[in-house]
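Shown here: model.tsv, TSV, C-alpha atoms.
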chain	number	residue	atom	x	y	z
A	1	MET	CA	174.28	174.51	266.73
A	2	ASP	CA	176.37	176.92	268.74
A	3	ASN	CA	175.78	180.66	269.10
A	4	ARG	CA	178.07	181.59	266.21
A	5	GLN	CA	176.16	179.39	263.79
A	6	ALA	CA	172.84	180.75	265.01
A	7	MET	CA	174.08	184.33	264.64
A	8	GLY	CA	175.56	183.60	261.21
A	9	SER	CA	172.32	182.11	259.93
A	10	TRP	CA	170.41	185.13	261.18
A	11	LEU	CA	172.80	187.56	259.51
A	12	SER	CA	172.93	185.73	256.18
A	13	GLY	CA	169.17	185.29	255.95
A	14	PRO	CA	166.73	182.42	255.73
A	15	ARG	CA	167.83	181.30	252.27
A	16	ALA	CA	171.45	180.77	253.35
A	17	ALA	CA	170.31	178.93	256.46
A	18	ALA	CA	168.05	176.67	254.38
A	19	GLU	CA	170.87	176.00	251.89
A	20	GLU	CA	173.18	175.05	254.77
A	21	ALA	CA	170.49	172.62	255.92
A	22	GLY	CA	170.53	170.97	252.49
A	23	ALA	CA	167.71	172.71	250.58
A	24	ASP	CA	168.35	173.19	246.86
A	25	PHE	CA	166.74	176.32	245.38
A	26	GLY	CA	168.31	176.01	241.93
A	27	TYR	CA	169.26	179.04	239.88
A	28	ARG	CA	167.16	182.11	239.10
A	29	GLY	CA	164.71	181.33	236.31
A	30	GLU	CA	164.95	177.55	236.57
A	31	GLN	CA	161.27	177.25	237.48
A	32	LEU	CA	160.39	179.25	234.36
A	33	GLY	CA	162.48	177.03	232.07
A	34	LEU	CA	165.05	179.75	231.35
A	35	PRO	CA	168.81	179.20	231.00
A	36	GLU	CA	171.10	180.01	233.90
A	37	GLU	CA	173.35	182.40	231.94
A	38	GLY	CA	173.52	184.08	228.56
A	39	PRO	CA	170.72	185.15	226.21
A	40	GLY	CA	167.28	184.32	227.54
A	41	SER	CA	168.37	184.21	231.19
A	42	ILE	CA	166.78	186.36	233.89
A	43	ALA	CA	168.06	189.95	233.78
A	44	ARG	CA	170.21	190.98	236.73
A	45	PRO	CA	169.10	193.87	238.96
A	46	GLY	CA	171.97	196.18	237.94
A	47	ARG	CA	171.04	196.04	234.27
A	48	ARG	CA	167.37	196.49	235.07
A	49	LEU	CA	168.04	199.56	237.21
A	50	GLY	CA	170.37	201.00	234.57
A	51	ALA	CA	167.72	200.58	231.87
A	52	LEU	CA	165.12	202.16	234.13
A	53	ALA	CA	167.42	205.14	234.79
A	54	VAL	CA	168.01	205.66	231.06
A	55	ASP	CA	164.28	205.46	230.31
A	56	TRP	CA	163.43	207.85	233.13
A	57	ALA	CA	166.10	210.34	232.03
A	58	LEU	CA	164.78	210.21	228.47
A	59	CYS	CA	161.21	210.80	229.65
A	60	LEU	CA	162.31	213.62	231.92
A	61	LEU	CA	164.17	215.23	229.02
A	62	ILE	CA	161.09	214.97	226.79
A	63	ALA	CA	158.86	216.46	229.50
A	64	TYR	CA	161.39	219.20	230.25
A	65	GLY	CA	161.97	220.22	226.64
A	66	LEU	CA	158.66	219.61	224.91
A	67	LEU	CA	155.89	219.76	227.48
A	68	THR	CA	156.76	222.11	230.32
A	69	HIS	CA	159.35	224.33	228.53
A	70	GLY	CA	161.60	224.35	231.56
A	71	TYR	CA	161.70	222.69	234.94
A	72	ASP	CA	158.81	223.23	237.31
A	73	GLN	CA	156.71	221.10	239.62
A	74	ALA	CA	154.71	219.58	236.77
A	75	THR	CA	157.76	218.22	234.93
A	76	GLY	CA	157.93	215.07	237.06
A	77	ASN	CA	154.24	214.35	236.51
A	78	TRP	CA	154.56	214.83	232.76
A	79	ALA	CA	157.66	212.63	232.77
A	80	LEU	CA	155.68	209.86	234.47
A	81	LEU	CA	152.98	210.13	231.80
A	82	VAL	CA	155.60	210.01	229.04
A	83	PHE	CA	157.20	207.00	230.79
A	84	PHE	CA	153.83	205.23	230.85
A	85	VAL	CA	153.15	205.90	227.16
A	86	LEU	CA	156.71	204.93	226.19
A	87	GLY	CA	156.50	201.68	228.13
A	88	VAL	CA	153.12	200.65	226.78
A	89	LEU	CA	153.98	201.45	223.16
A	90	THR	CA	157.48	200.02	223.02
A	91	VAL	CA	157.13	196.96	225.28
A	92	GLY	CA	153.75	196.16	223.72
A	93	THR	CA	155.13	196.21	220.17
A	94	VAL	CA	158.83	195.31	220.13
A	95	GLY	CA	159.35	194.02	223.68
A	96	PHE	CA	161.82	196.62	224.95
A	97	THR	CA	162.21	200.31	225.76
A	98	PRO	CA	165.20	202.39	224.62
A	99	GLY	CA	166.92	201.79	228.00
A	100	LYS	CA	166.28	198.05	227.87
A	101	ARG	CA	167.66	197.94	224.32
A	102	LEU	CA	170.77	199.84	225.40
A	103	PHE	CA	171.38	197.38	228.26
A	104	GLY	CA	170.56	194.28	226.19
A	105	LEU	CA	167.25	193.40	227.84
A	106	ARG	CA	163.78	192.53	226.62
A	107	VAL	CA	160.41	191.67	228.11
A	108	VAL	CA	158.81	188.36	227.14
A	109	PRO	CA	155.69	186.53	228.29
A	110	GLU	CA	156.25	183.51	230.52
A	111	GLY	CA	155.75	181.16	227.59
A	112	GLY	CA	157.99	183.13	225.20
A	113	GLY	CA	157.27	185.38	222.23
A	114	ARG	CA	156.26	189.04	222.44
A	115	PRO	CA	154.06	190.52	225.14
A	116	ASN	CA	150.70	191.68	223.87
A	117	PRO	CA	149.67	195.30	224.43
A	118	LEU	CA	147.35	194.43	227.32
A	119	ARG	CA	150.19	192.77	229.25
A	120	ALA	CA	152.42	195.74	228.49
A	121	LEU	CA	149.69	198.11	229.71
A	122	LEU	CA	149.27	196.21	232.98
A	123	ARG	CA	153.02	195.81	233.52
A	124	THR	CA	153.77	199.48	232.86
A	125	ALA	CA	150.87	200.73	235.01
A	126	LEU	CA	152.14	198.65	237.94
A	127	LEU	CA	155.70	199.80	237.29
A	128	CYS	CA	154.55	203.44	237.48
A	129	VAL	CA	153.07	202.76	240.92
A	130	ALA	CA	156.60	201.57	241.91
A	131	VAL	CA	155.63	199.43	244.91
A	132	PRO	CA	155.09	196.21	242.89
A	133	ALA	CA	158.51	196.66	241.29
A	134	LEU	CA	160.12	196.68	244.74
A	135	ILE	CA	158.67	193.30	245.74
A	136	TRP	CA	160.66	190.46	244.14
A	137	ASP	CA	160.25	186.70	244.09
A	138	ARG	CA	163.06	184.16	244.33
A	139	ASP	CA	163.63	184.33	240.57
A	140	GLY	CA	164.25	188.08	240.76
A	141	ARG	CA	161.00	189.05	239.05
A	142	GLY	CA	159.10	192.02	240.38
A	143	LEU	CA	155.48	191.74	241.38
A	144	HIS	CA	154.56	193.80	238.30
A	145	ASP	CA	156.13	191.07	236.12
A	146	ARG	CA	154.39	188.26	238.02
A	147	ILE	CA	150.97	189.87	237.73
A	148	ALA	CA	151.44	190.61	234.01
A	149	ARG	CA	152.97	187.11	233.57
A	150	THR	CA	156.09	188.51	231.92
A	151	VAL	CA	159.83	188.04	232.43
A	152	GLU	CA	162.64	190.52	231.79
A	153	VAL	CA	165.47	188.58	230.15
A	154	ARG	CA	168.82	189.26	228.53
A	155	SER	CA	168.74	189.57	224.74
Rewrite the structure of this file - the entire thing - as structure tokens.
Amino acid sequence: MDNRQAMGSWLSGPRAAAEEAGADFGYRGEQLGLPEEGPGSIARPGRRLGALAVDWALCLLIAYGLLTHGYDQATGNWALLVFFVLGVLTVGTVGFTPGKRLFGLRVVPEGGGRPNPLRALLRTALLCVAVPALIWDRDGRGLHDRIARTVEVRS
């Protein structure tokens, strides 16, 4: 290996270097038995962030208009509480929030079906903390999804 290959493997990351060496990681969701593309496949980060932005804007609007009657320092805290309640109620019953529905996503347990309310409660509580959502595995699932044993998939 010359210096250019060593520098290239460092810049592209350990996964690219391992793939060059012959390791096969498969596609995202393969270990979970999900399809590679189409309905039921792992949701891509752009869609997930878009759905989160829509949900947060909706919660901020509810907090702004109904709870704080204008913007002040408490609006963000109320919006987080509304976000928590919205997530627990909607994901725990129908499997998606308004933002997820708009972007064609849903939350399912690892084995399929609908997540029960306890999983939705755990998942949403960890999502509100934000740090678990920023730690992803090789399938693209956040730590909050791994702990709750759920998967966010395309509808």
- In Å, rounded to a single decimal, give me how far CA of Val94 in chain A is from CA of Glu110 in chain A.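 Going from CA of Glu110 in chain A over to CA of Val94 in chain A covers 15.9 Å.
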- Message: If I take CA of Gly33 in chain A and CA of Arg114 in chain A, how far is one from the other in Å, to one decimal?
- Response: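 Here the two named atoms are 16.6 Å from each other.
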- Message: Given all atoms listed in the file as the basis, pick out the residue of A:Ala43, A:Leu122, A:Val129, A:Ala79 nearest to Val153 in chain A.
- Response: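 The shortest atom-to-atom distance to Val153 in chain A comes from A:Ala43.
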- Task: Could you give me, as a list of chain:residue names, the residues within 10 Å of Asp139 in chain A, counting only C-alpha atoms and dropping anything in the same chain fewer than 4 positions from it?
- Result: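 Selected residues are A:Phe25, A:Gly26, A:Tyr27, A:Arg28, A:Gly29, A:Glu30, A:Gln31, A:Leu32, A:Ile42, A:Ala43, A:Val151.
Using all atoms listed in the file, the smallest distance between any of A:Leu102, A:Leu61, A:Leu89, A:Val107 and Arg47 in chain A comes from A:Leu102.
Non-sequential neighbours of Leu118 in chain A (distance at most 10 Å, separation of 6 or more positions within a chain, all atoms listed in the file) are Val88, Gly92, Thr124 and Ala148 of chain A.
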- Query: When you draw a straight line from CA of Ser41 in chain A to CA of Trp56 in chain A, how long is it in Å?
  - Reply: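 Taking CA of Ser41 in chain A and CA of Trp56 in chain A, their separation equals 24.2 Å.
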- Can you tell me, as a list in words, what residues are no more than 9 Å from Asn116 in chain A when counting only C-alpha atoms, ignoring any on the same chain fewer than 5 positions away? Val91, Gly92, Thr93, Gly95, Pro109 and Leu121 of chain A
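Using all atoms listed in the file, the smallest distance between any of A:Val131, A:Ala51, A:Leu60, A:Leu34 and Gly112 in chain A comes from A:Leu34.
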- Pick out the closest residue to Cys128 in chain A from this set: A:Pro98, A:Pro39, A:Gly70, A:Gly87. Count all atoms listed in the file. A:Gly87
- Task: Mind checking which residues fall within 9 Å of Trp78 in chain A, counting only C-alpha atoms, ignoring those fewer than 4 positions away in the same chain, and posting them as a VMD selection string?
- Result: chain A and resid 59 to 60 62 to 64 67 to 68 74 82 to 83
- Go through A:Asp137, A:Glu37, A:Asp55, A:Asp145 one by one, measure the shortest atom-to-atom distance of each to Phe96 in chain A using only C-alpha atoms, and give the residue with the smallest value.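 Once distances to Phe96 in chain A are computed over only C-alpha atoms, the minimum belongs to A:Asp55.
Remark: for Gly140 in chain A, the closest of the candidate residues A:Gly65, A:Gly111, A:Gly50, A:Pro45 is A:Pro45 (distances computed over only C-alpha atoms).
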